[in-house]
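> Sending over model_3.txt (compact mmCIF, C-alpha atoms and all ligand atoms).
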```
# COMPACT_ATOMS: atom_id res chain seq x y z
CA MET N 6 -42.07 19.26 40.84
CA SER N 7 -44.75 16.65 40.00
CA ARG N 8 -47.76 16.32 42.34
CA GLY N 9 -48.18 12.64 41.34
CA ILE N 10 -49.28 10.53 38.41
CA ALA N 11 -52.76 10.45 36.89
CA LEU N 12 -53.80 7.64 34.53
CA ILE N 13 -56.60 8.83 32.23
CA THR N 14 -58.53 6.46 29.96
CA GLY N 15 -60.23 7.82 26.85
CA ALA N 16 -57.87 10.79 26.73
CA SER N 17 -57.79 11.08 22.93
CA SER N 18 -60.89 13.30 22.74
CA GLY N 19 -63.76 14.99 24.57
CA ILE N 20 -63.96 14.98 28.36
CA GLY N 21 -60.87 12.76 28.71
CA GLU N 22 -58.73 15.17 26.69
CA ALA N 23 -60.01 18.08 28.79
CA LEU N 24 -59.24 16.11 31.97
CA ALA N 25 -55.68 15.58 30.72
CA HIS N 26 -55.29 19.37 30.31
CA GLN N 27 -56.83 19.93 33.75
CA PHE N 28 -54.53 17.49 35.58
CA ALA N 29 -51.45 18.70 33.68
CA GLY N 30 -52.40 22.29 34.54
CA GLN N 31 -52.42 21.29 38.21
CA GLY N 32 -48.93 19.75 37.98
CA PHE N 33 -49.69 16.03 37.63
CA ASP N 34 -47.64 13.82 35.33
CA LEU N 35 -49.86 11.78 33.07
CA ILE N 36 -50.32 8.35 31.59
CA ILE N 37 -52.86 8.77 28.80
CA THR N 38 -54.56 5.92 26.99
CA ALA N 39 -57.07 5.28 24.18
CA ARG N 40 -57.01 3.49 20.79
CA ARG N 41 -56.09 6.48 18.59
CA GLY N 42 -52.37 6.83 19.22
CA ASP N 43 -51.96 9.76 16.81
CA LEU N 44 -54.36 11.91 18.85
CA LEU N 45 -52.65 10.88 22.09
CA ALA N 46 -49.26 11.84 20.58
CA ASN N 47 -50.59 15.30 19.60
CA LEU N 48 -51.97 15.80 23.11
CA ALA N 49 -48.71 14.65 24.72
CA GLU N 50 -46.74 17.09 22.57
CA THR N 51 -48.88 19.98 23.88
CA LEU N 52 -48.69 18.91 27.51
CA GLU N 53 -45.05 17.83 27.67
CA GLU N 54 -43.96 21.46 27.95
CA THR N 55 -45.12 21.37 31.57
CA VAL N 56 -45.38 17.73 32.72
CA GLN N 57 -44.18 14.22 31.82
CA VAL N 58 -46.60 12.25 29.66
CA ASP N 59 -46.56 8.53 28.87
CA ILE N 60 -48.80 7.11 26.15
CA ILE N 61 -50.28 3.63 26.10
CA THR N 62 -52.51 2.71 23.15
CA CYS N 63 -55.00 0.08 24.18
CA ASP N 64 -58.45 -1.23 23.21
CA LEU N 65 -60.18 -1.49 26.56
CA ALA N 66 -63.17 -3.28 25.04
CA ALA N 67 -60.95 -6.14 23.86
CA PRO N 68 -60.87 -9.30 25.96
CA GLU N 69 -58.25 -8.73 28.70
CA GLY N 70 -58.05 -5.05 27.60
CA ALA N 71 -57.94 -3.71 31.17
CA GLN N 72 -55.37 -6.29 32.28
CA THR N 73 -53.22 -5.40 29.23
CA LEU N 74 -53.33 -1.73 30.23
CA PHE N 75 -52.55 -2.56 33.87
CA ASP N 76 -49.54 -4.67 32.80
CA ALA N 77 -48.28 -1.87 30.52
CA VAL N 78 -48.58 0.66 33.36
CA THR N 79 -46.78 -1.72 35.74
CA GLU N 80 -43.98 -2.04 33.20
CA LEU N 81 -43.54 1.75 33.25
CA GLY N 82 -42.71 1.38 36.95
CA LYS N 83 -44.69 4.51 37.88
CA PRO N 84 -47.18 4.24 40.77
CA VAL N 85 -50.60 5.59 39.80
CA ASP N 86 -51.91 8.12 42.33
CA ILE N 87 -55.10 8.88 40.42
CA LEU N 88 -57.07 6.59 38.13
CA VAL N 89 -59.58 8.31 35.85
CA ASN N 90 -62.02 5.83 34.31
CA ASN N 91 -63.35 8.06 31.55
CA ALA N 92 -63.43 5.93 28.36
CA GLY N 93 -66.98 5.08 27.34
CA VAL N 94 -69.33 4.58 24.42
CA ALA N 95 -73.03 5.27 23.92
CA HIS N 96 -75.56 3.94 21.44
CA SER N 97 -78.88 5.58 20.82
CA ASP N 98 -81.51 3.14 19.55
CA GLU N 99 -84.07 0.73 20.86
CA PHE N 100 -82.26 -2.08 22.65
CA HIS N 101 -83.44 -4.91 20.38
CA LYS N 102 -82.24 -2.97 17.30
CA LEU N 103 -78.62 -2.70 18.45
CA GLU N 104 -76.06 -4.93 16.75
CA PRO N 105 -74.81 -7.74 19.05
CA GLN N 106 -71.32 -6.25 18.77
CA GLN N 107 -72.59 -2.84 19.97
CA VAL N 108 -74.12 -4.49 23.02
CA SER N 109 -71.01 -6.47 23.94
CA GLN N 110 -68.65 -3.53 23.24
CA LEU N 111 -70.61 -1.16 25.48
CA ILE N 112 -70.69 -3.65 28.36
CA ALA N 113 -66.99 -4.48 27.87
CA LEU N 114 -65.91 -0.82 27.96
CA ASN N 115 -68.40 0.98 30.20
CA ILE N 116 -68.70 -1.81 32.79
CA THR N 117 -66.06 -4.55 32.54
CA ALA N 118 -62.99 -2.40 31.82
CA LEU N 119 -63.92 0.22 34.45
CA THR N 120 -64.55 -2.48 37.05
CA THR N 121 -61.37 -4.44 36.30
CA LEU N 122 -59.17 -1.33 36.32
CA SER N 123 -60.71 -0.16 39.60
CA HIS N 124 -60.16 -3.60 41.12
CA LEU N 125 -56.53 -3.89 39.98
CA PHE N 126 -55.49 -0.36 40.96
CA LEU N 127 -57.44 -0.33 44.24
CA ASN N 128 -55.42 -3.28 45.48
CA GLU N 129 -52.25 -1.21 45.07
CA MET N 130 -53.78 2.01 46.41
CA VAL N 131 -55.21 0.41 49.56
CA ALA N 132 -51.90 -1.36 50.27
CA ARG N 133 -50.14 2.01 49.90
CA GLY N 134 -52.76 3.86 51.97
CA SER N 135 -53.34 6.56 49.36
CA GLY N 136 -55.02 7.12 46.02
CA ARG N 137 -58.06 8.49 44.23
CA ILE N 138 -60.36 7.16 41.52
CA LEU N 139 -62.61 9.30 39.31
CA ASN N 140 -65.32 7.32 37.51
CA VAL N 141 -67.09 9.18 34.73
CA ALA N 142 -70.77 8.22 34.98
CA SER N 143 -73.59 10.48 33.68
CA VAL N 144 -76.85 12.10 34.70
CA ALA N 145 -78.28 9.08 32.84
CA ALA N 146 -77.18 7.03 35.87
CA PHE N 147 -80.07 8.36 37.94
CA GLN N 148 -83.03 7.10 35.89
CA PRO N 149 -83.79 4.67 33.06
CA VAL N 150 -83.45 6.23 29.60
CA PRO N 151 -85.58 4.54 26.93
CA ALA N 152 -83.76 4.41 23.55
CA MET N 153 -80.47 4.66 25.45
CA SER N 154 -81.34 1.87 27.85
CA LEU N 155 -78.05 0.01 27.89
CA TYR N 156 -75.96 3.17 28.19
CA ALA N 157 -78.05 4.48 31.11
CA ALA N 158 -77.96 1.05 32.79
CA SER N 159 -74.16 0.95 32.44
CA LYS N 160 -73.87 4.38 34.06
CA ALA N 161 -76.26 3.32 36.88
CA PHE N 162 -73.82 0.45 37.47
CA VAL N 163 -70.89 2.90 37.63
CA LEU N 164 -72.72 5.16 40.08
CA SER N 165 -73.82 2.26 42.31
CA LEU N 166 -70.34 0.73 42.36
CA THR N 167 -68.75 4.10 43.14
CA GLU N 168 -71.13 4.84 46.02
CA ALA N 169 -70.64 1.40 47.59
CA LEU N 170 -66.85 1.57 47.24
CA SER N 171 -66.76 5.05 48.77
CA GLU N 172 -68.13 3.51 51.98
CA GLU N 173 -65.97 0.37 51.85
CA LEU N 174 -62.88 2.54 51.46
CA ARG N 175 -63.52 4.77 54.50
CA GLY N 176 -60.35 5.05 56.58
CA THR N 177 -58.08 3.55 53.92
CA GLY N 178 -56.72 6.84 52.53
CA VAL N 179 -58.31 5.98 49.17
CA SER N 180 -61.39 7.68 47.74
CA VAL N 181 -63.66 7.18 44.77
CA THR N 182 -65.75 9.82 43.03
CA ALA N 183 -68.47 9.63 40.38
CA LEU N 184 -68.59 12.51 37.90
CA CYS N 185 -72.09 12.72 36.40
CA PRO N 186 -72.15 15.17 33.50
CA GLY N 187 -75.21 16.07 31.46
CA LEU N 188 -75.00 16.73 27.73
CA THR N 189 -71.45 17.84 26.97
CA LYS N 190 -70.16 18.94 23.57
CA THR N 191 -68.02 16.00 22.39
CA GLU N 192 -67.67 13.53 19.49
CA MET N 193 -69.98 11.14 21.35
CA VAL N 194 -72.81 13.65 21.39
CA GLU N 195 -72.28 14.54 17.72
CA GLN N 196 -72.45 10.85 16.76
CA LEU N 197 -75.71 10.43 18.68
CA ALA N 198 -77.32 13.18 16.58
CA ALA N 199 -77.68 15.12 19.80
CA GLY N 200 -75.33 17.54 18.04
CA ASP N 201 -78.57 19.21 16.93
CA VAL N 202 -79.24 20.22 20.53
CA PRO N 203 -78.64 23.99 20.93
CA GLU N 204 -75.26 24.68 22.49
CA VAL N 205 -76.86 26.58 25.35
CA PHE N 206 -78.09 23.21 26.71
CA MET N 207 -74.61 21.67 26.57
CA SER N 208 -71.68 21.91 28.97
CA SER N 209 -68.15 22.48 27.74
CA THR N 210 -65.58 19.75 28.27
CA THR N 211 -63.38 22.27 30.12
CA THR N 212 -66.09 23.00 32.70
CA VAL N 213 -66.90 19.31 33.19
CA ALA N 214 -63.21 18.43 33.58
CA ARG N 215 -62.66 21.23 36.12
CA GLU N 216 -65.64 20.08 38.18
CA GLY N 217 -64.43 16.48 38.03
CA TYR N 218 -60.99 17.51 39.22
CA GLU N 219 -62.37 19.63 42.07
CA ALA N 220 -64.71 16.84 43.23
CA LEU N 221 -61.93 14.26 43.11
CA MET N 222 -59.52 16.43 45.12
CA ALA N 223 -62.27 17.19 47.68
CA ARG N 224 -62.97 13.42 47.87
CA GLU N 225 -66.66 14.04 47.06
CA VAL N 226 -68.63 10.91 46.19
CA ILE N 227 -70.95 12.36 43.51
CA ARG N 228 -70.56 15.52 41.43
CA ILE N 229 -73.16 16.66 38.91
CA PRO N 230 -71.81 19.62 36.93
CA GLY N 231 -74.31 22.41 36.20
CA LEU N 232 -77.39 23.72 38.01
CA ALA N 233 -79.82 22.57 35.32
CA ASN N 234 -78.47 19.00 35.50
CA GLN N 235 -78.65 19.04 39.32
CA ALA N 236 -82.25 20.29 39.15
CA ALA N 237 -83.24 17.60 36.63
CA VAL N 238 -81.72 14.83 38.78
CA THR N 239 -83.33 16.18 41.96
CA TRP N 240 -86.72 16.41 40.22
CA ALA N 241 -86.49 12.83 38.93
CA GLN N 242 -85.49 11.54 42.37
CA HIS N 243 -88.65 13.00 43.91
CA GLN N 244 -91.13 11.56 41.40
CA PRO N 245 -92.62 8.07 41.25
CA ARG N 246 -90.52 5.80 39.03
CA TRP N 247 -93.48 5.07 36.69
CA LEU N 248 -93.74 8.79 35.90
CA VAL N 249 -90.02 9.28 35.28
CA ARG N 250 -89.70 6.27 32.95
CA GLY N 251 -93.01 7.18 31.27
CA ILE N 252 -91.79 10.69 30.44
CA GLY N 253 -88.50 9.18 29.19
CA GLY N 254 -90.45 6.78 26.98
CA PHE N 255 -92.58 9.61 25.59
CA ILE N 256 -89.54 11.78 24.80
CA SER N 257 -87.76 8.82 23.17
CA LYS N 258 -90.49 8.66 20.49
CA PHE N 259 -89.31 12.04 19.22
CA ARG N 260 -85.66 11.09 18.79
CA PRO N 261 -84.06 12.73 15.75
CA PRO N 262 -83.49 10.24 12.88
CA ARG N 263 -79.96 8.73 12.82
N1 LIG N 301 -70.62 13.87 26.11
C1 LIG N 301 -71.60 13.74 26.98
O1 LIG N 301 -72.68 14.36 26.83
C2 LIG N 301 -71.42 12.86 28.19
C3 LIG N 301 -72.36 12.99 29.23
C4 LIG N 301 -72.22 12.20 30.34
C5 LIG N 301 -71.18 11.29 30.43
N2 LIG N 301 -70.29 11.18 29.40
C6 LIG N 301 -69.22 10.20 29.54
O2 LIG N 301 -67.96 10.83 29.37
C7 LIG N 301 -67.00 9.88 28.96
C8 LIG N 301 -66.21 10.45 27.80
O3 LIG N 301 -67.08 10.61 26.69
P1 LIG N 301 -67.00 11.85 25.67
O4 LIG N 301 -68.33 12.48 25.64
O5 LIG N 301 -65.80 12.67 25.98
O6 LIG N 301 -66.86 11.06 24.30
P2 LIG N 301 -65.68 10.93 23.24
O7 LIG N 301 -65.15 12.24 22.83
O8 LIG N 301 -66.25 10.03 22.20
O9 LIG N 301 -64.55 10.17 24.05
C9 LIG N 301 -64.59 8.79 24.32
C10 LIG N 301 -63.18 8.35 24.66
O10 LIG N 301 -63.21 6.94 24.95
C11 LIG N 301 -62.22 6.30 24.17
N3 LIG N 301 -62.64 4.96 23.79
C12 LIG N 301 -63.75 4.60 23.10
N4 LIG N 301 -63.76 3.28 22.89
C13 LIG N 301 -62.61 2.79 23.46
C14 LIG N 301 -62.04 1.50 23.55
N5 LIG N 301 -62.65 0.41 23.01
N6 LIG N 301 -60.87 1.35 24.21
C15 LIG N 301 -60.25 2.43 24.75
N7 LIG N 301 -60.74 3.68 24.69
C16 LIG N 301 -61.90 3.86 24.03
C17 LIG N 301 -62.07 7.16 22.91
O11 LIG N 301 -60.77 7.02 22.37
P3 LIG N 301 -60.40 6.15 21.06
O12 LIG N 301 -61.55 6.26 20.11
O13 LIG N 301 -59.14 6.82 20.56
O14 LIG N 301 -60.16 4.78 21.58
C18 LIG N 301 -62.22 8.56 23.50
O15 LIG N 301 -60.99 9.03 23.98
C19 LIG N 301 -67.78 8.60 28.63
O16 LIG N 301 -67.67 7.68 29.69
C20 LIG N 301 -69.20 9.10 28.50
O17 LIG N 301 -70.14 8.09 28.77
C21 LIG N 301 -70.39 11.94 28.29
```
Would you mind writing the structure in this file as structure tokens?


Amino acid sequence: MSRGIALITGASSGIGEALAHQFAGQGFDLIITARRGDLLANLAETLEETVQVDIITCDLAAPEGAQTLFDAVTELGKPVDILVNNAGVAHSDEFHKLEPQQVSQLIALNITALTTLSHLFLNEMVARGSGRILNVASVAAFQPVPAMSLYAASKAFVLSLTEALSEELRGTGVSVTALCPGLTKTEMVEQLAAGDVPEVFMSSTTTVAREGYEALMAREVIRIPGLANQAAVTWAQHQPRWLVRGIGGFISKFRPPR
């Protein structure tokens, strides 16, 4: 018997795909979404042996993308118990060198879509008196990251929004959790040339997804997977901001060529 329905954005690869396996393994039916429908279909085929899976292909960075997804979910007539805002993009370059389209796409996906989906589904969840949201932020949310400035700023937004909502939602039966992974072996990391980073410094998508699931079910507000990531965040939080951004600026000069 199903434990409820989880809607997972960005489920076609990486952490989102691992989250789909995690939730299915725990008995949740799924609604999975991304742009690459073929990858979603392959994933659904694997998971449908144990749970029900609906697929919605959707470009969440398109104007009205989040509303389109919300309308499609409403049409399915299945109440969403868990919303996982995982879809995201990253660009690694100096801010002024990014293409205008890269800037607008990152803001549209990492900030606008996540915010709109949270807003739309929270209305339903609060009215029902139950529900959970998992927002995938990053360790980059805790300090500025030169040469990934917009990405880090978008994740700081996600973390700030999540923390504030967690307080607003007290007593409603609804909770919101920020999952803040460090480097995790996915397509995103390979595209950023961080694929050259030795694997020992990277988390696996399975571990990150398991931690995200555990934090969500425990209604934790912030979860940082991995001791090294927790130590790095704690260190940065106890230093003066000029030092943290200065070290980030120094490291950014040694970025691998793209
Ligand atoms: N990997 C890391 O080191 C790391 C660390 C911290 C946080 N994160 C966060 O983890 C999340 C997942 O990233 P990942 O590392 O798993 O990367 P990934 O493998 O590239 O996955 C990104 C997912 O987002 C979807 N997506 C991208 N653009 C989209 C759009 N316009 N509309 C709808 N879906 C879109 C992609 O699907 P389609 O291309 O099929 O649309 C894909 O399923 C992101 O929010 C990222 O910021 C990653």

> Please identify all polymer residues lying at most 10 Å from the point (-60.8, -7.3, 36.7) (file coordinates), using all atoms listed in the file, and present the result as a VMD selection string.

chain N and resid 69 to 72 75 117 to 126

> Return the single residue from N:Asp98, N:Leu114, N:Ser171, N:Glu129 that is closest to Thr79 of chain N, with distances computed using all atoms listed in the file.

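Checking each of N:Asp98, N:Leu114, N:Ser171, N:Glu129 against Thr79 of chain N, counting all atoms listed in the file, the winner is N:Glu129.
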
> Neighbours of ligand LIG 301 (chain N) within 6 Å, counting only C-alpha atoms and all ligand atoms, as a ChimeraX atom specification?

/N:15-21,39-41,63-66,91-94,141-143,186-194

> Please identify all polymer residues within 7 Å of Ala23 of chain N, counting all atoms listed in the file, omitting same-chain residues fewer than 6 positions from it, and present them as a ChimeraX atom specification.

/N:210-211,214

> Using all atoms listed in the file, find each residue of segment 177-243 of chain N with at least one atom at most 12 Å away from an atom of segment 82-86 of chain N; report its shortest atom-to-atom pair and that distance in Å (one decimal), sort the rows by chain and rising residue number, and return the result as a Markdown table.


```
| residue | atom | partner | partner_atom | distance |
| --- | --- | --- | --- | --- |
| N:Gly178 | CA | N:Asp86 | CA | 11.3 |
| N:Val179 | CA | N:Asp86 | CA | 9.6 |
| N:Ser180 | CA | N:Asp86 | CA | 10.9 |
| N:Leu221 | CA | N:Asp86 | CA | 11.8 |
| N:Met222 | CA | N:Asp86 | CA | 11.6 |
```

> Please produce an output containing C-alpha atoms for each residue in the selection, written as an mmCIF file, in the frame of the given file.


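Written file, result-v1.cif:
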```
data_model
loop_
_atom_site.group_PDB
_atom_site.id
_atom_site.type_symbol
_atom_site.label_atom_id
_atom_site.label_comp_id
_atom_site.auth_asym_id
_atom_site.auth_seq_id
_atom_site.Cartn_x
_atom_site.Cartn_y
_atom_site.Cartn_z
ATOM 1 C CA GLY N 178 -56.720 6.840 52.530
ATOM 2 C CA VAL N 179 -58.310 5.980 49.170
ATOM 3 C CA SER N 180 -61.390 7.680 47.740
ATOM 4 C CA LEU N 221 -61.930 14.260 43.110
ATOM 5 C CA MET N 222 -59.520 16.430 45.120
#
```

> Would you please work out which residue, of N:Phe147, N:Arg215, N:Thr177, N:Ser208, is nearest to Val249 of chain N when using all atoms listed in the file?

N:Phe147

> Excluding Ile227 of chain N and residues on its chain fewer than 4 positions from it, collect all residues at most 10 Å away from it, counting all atoms listed in the file, and give them as an MDAnalysis selection string.

chainID N and resid 139:140 142 164 167:168 171 181:185 217 220:221

> For the residues in the current selection, export C-alpha atoms as a PDB file, keeping the file's coordinate frame.


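Final output, saved to part.pdb:
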```pdb
ATOM      1  CA  LEU N 139     -62.610   9.300  39.310  1.00  0.00           C
ATOM      2  CA  ASN N 140     -65.320   7.320  37.510  1.00  0.00           C
ATOM      3  CA  ALA N 142     -70.770   8.220  34.980  1.00  0.00           C
ATOM      4  CA  LEU N 164     -72.720   5.160  40.080  1.00  0.00           C
ATOM      5  CA  THR N 167     -68.750   4.100  43.140  1.00  0.00           C
ATOM      6  CA  GLU N 168     -71.130   4.840  46.020  1.00  0.00           C
ATOM      7  CA  SER N 171     -66.760   5.050  48.770  1.00  0.00           C
ATOM      8  CA  VAL N 181     -63.660   7.180  44.770  1.00  0.00           C
ATOM      9  CA  THR N 182     -65.750   9.820  43.030  1.00  0.00           C
ATOM     10  CA  ALA N 183     -68.470   9.630  40.380  1.00  0.00           C
ATOM     11  CA  LEU N 184     -68.590  12.510  37.900  1.00  0.00           C
ATOM     12  CA  CYS N 185     -72.090  12.720  36.400  1.00  0.00           C
ATOM     13  CA  GLY N 217     -64.430  16.480  38.030  1.00  0.00           C
ATOM     14  CA  ALA N 220     -64.710  16.840  43.230  1.00  0.00           C
ATOM     15  CA  LEU N 221     -61.930  14.260  43.110  1.00  0.00           C
TER      16      LEU N 221
END
```

> Under the rule that all atoms listed in the file are counted, which of N:Asn90, N:Gln57, N:Ser257, N:Ser165 is the nearest residue to Val226 of chain N?

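Selected residue with least distance to Val226 of chain N: N:Ser165.
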
> Please, what distance in Å, to one decimal, runs between atom CA of Trp240 of chain N and atom CA of Pro149 of chain N?

14.1 Å

> Please provide as JSON, numbers by chain all residues within 7 Å of Asp34 of chain N, with the sequence filter that same-chain residues fewer than 5 positions apart are discarded (counting all atoms listed in the file).

{"N": [7, 9, 10, 11, 29, 56, 57, 58]}

> Which one is closest to Arg246 of chain N: N:Met6, N:Ala113, N:Val150, N:Val163? Count all atoms listed in the file.

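Between N:Met6, N:Ala113, N:Val150, N:Val163, the residue approaching Arg246 of chain N most closely is N:Val150.
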
> Could you pull segment 203-224 of chain N out of the structure just shown and give N, CA and C atoms as a CSV table (one decimal), in the first residue's frame?


```csv
chain,number,residue,atom,x,y,z
N,203,PRO,N,39.1,14.5,-7.5
N,203,PRO,CA,39.2,13.1,-7.1
N,203,PRO,C,37.9,12.7,-6.5
N,204,GLU,N,37.5,11.4,-6.8
N,204,GLU,CA,36.2,10.9,-6.4
N,204,GLU,C,36.0,10.9,-4.8
N,205,VAL,N,37.2,10.8,-4.2
N,205,VAL,CA,37.2,10.7,-2.7
N,205,VAL,C,36.6,12.0,-2.1
N,206,PHE,N,36.6,13.1,-2.8
N,206,PHE,CA,36.1,14.4,-2.3
N,206,PHE,C,34.6,14.5,-2.7
N,207,MET,N,34.0,13.5,-3.4
N,207,MET,CA,32.6,13.7,-3.8
N,207,MET,C,31.7,12.7,-3.1
N,208,SER,N,30.5,13.2,-2.9
N,208,SER,CA,29.5,12.3,-2.3
N,208,SER,C,28.8,11.5,-3.5
N,209,SER,N,28.2,10.4,-3.1
N,209,SER,CA,27.4,9.7,-4.1
N,209,SER,C,26.0,10.2,-4.1
N,210,THR,N,25.3,10.1,-5.2
N,210,THR,CA,23.9,10.6,-5.3
N,210,THR,C,23.0,9.7,-4.3
N,211,THR,N,23.4,8.5,-4.2
N,211,THR,CA,22.6,7.6,-3.3
N,211,THR,C,22.7,8.1,-1.8
N,212,THR,N,23.9,8.4,-1.4
N,212,THR,CA,24.0,8.9,0.0
N,212,THR,C,23.3,10.2,0.2
N,213,VAL,N,23.5,11.1,-0.7
N,213,VAL,CA,22.8,12.4,-0.6
N,213,VAL,C,21.3,12.3,-0.6
N,214,ALA,N,20.8,11.4,-1.4
N,214,ALA,CA,19.3,11.2,-1.5
N,214,ALA,C,18.8,10.6,-0.2
N,215,ARG,N,19.6,9.6,0.4
N,215,ARG,CA,19.2,9.0,1.6
N,215,ARG,C,19.1,10.0,2.7
N,216,GLU,N,20.2,10.8,2.8
N,216,GLU,CA,20.2,11.9,3.8
N,216,GLU,C,19.0,12.9,3.7
N,217,GLY,N,18.7,13.2,2.4
N,217,GLY,CA,17.6,14.1,2.2
N,217,GLY,C,16.3,13.5,2.6
N,218,TYR,N,16.1,12.3,2.3
N,218,TYR,CA,14.9,11.6,2.7
N,218,TYR,C,14.8,11.5,4.3
N,219,GLU,N,15.9,11.2,4.9
N,219,GLU,CA,15.8,11.0,6.4
N,219,GLU,C,15.5,12.4,7.0
N,220,ALA,N,16.2,13.5,6.5
N,220,ALA,CA,16.0,14.8,7.1
N,220,ALA,C,14.5,15.2,6.9
N,221,LEU,N,14.0,15.0,5.7
N,221,LEU,CA,12.6,15.4,5.4
N,221,LEU,C,11.6,14.7,6.3
N,222,MET,N,11.8,13.3,6.5
N,222,MET,CA,10.9,12.6,7.3
N,222,MET,C,11.0,13.0,8.8
N,223,ALA,N,12.2,13.4,9.2
N,223,ALA,CA,12.4,13.9,10.6
N,223,ALA,C,12.0,15.3,10.8
N,224,ARG,N,11.6,16.0,9.7
N,224,ARG,CA,11.2,17.4,9.7
N,224,ARG,C,12.3,18.3,10.1
```
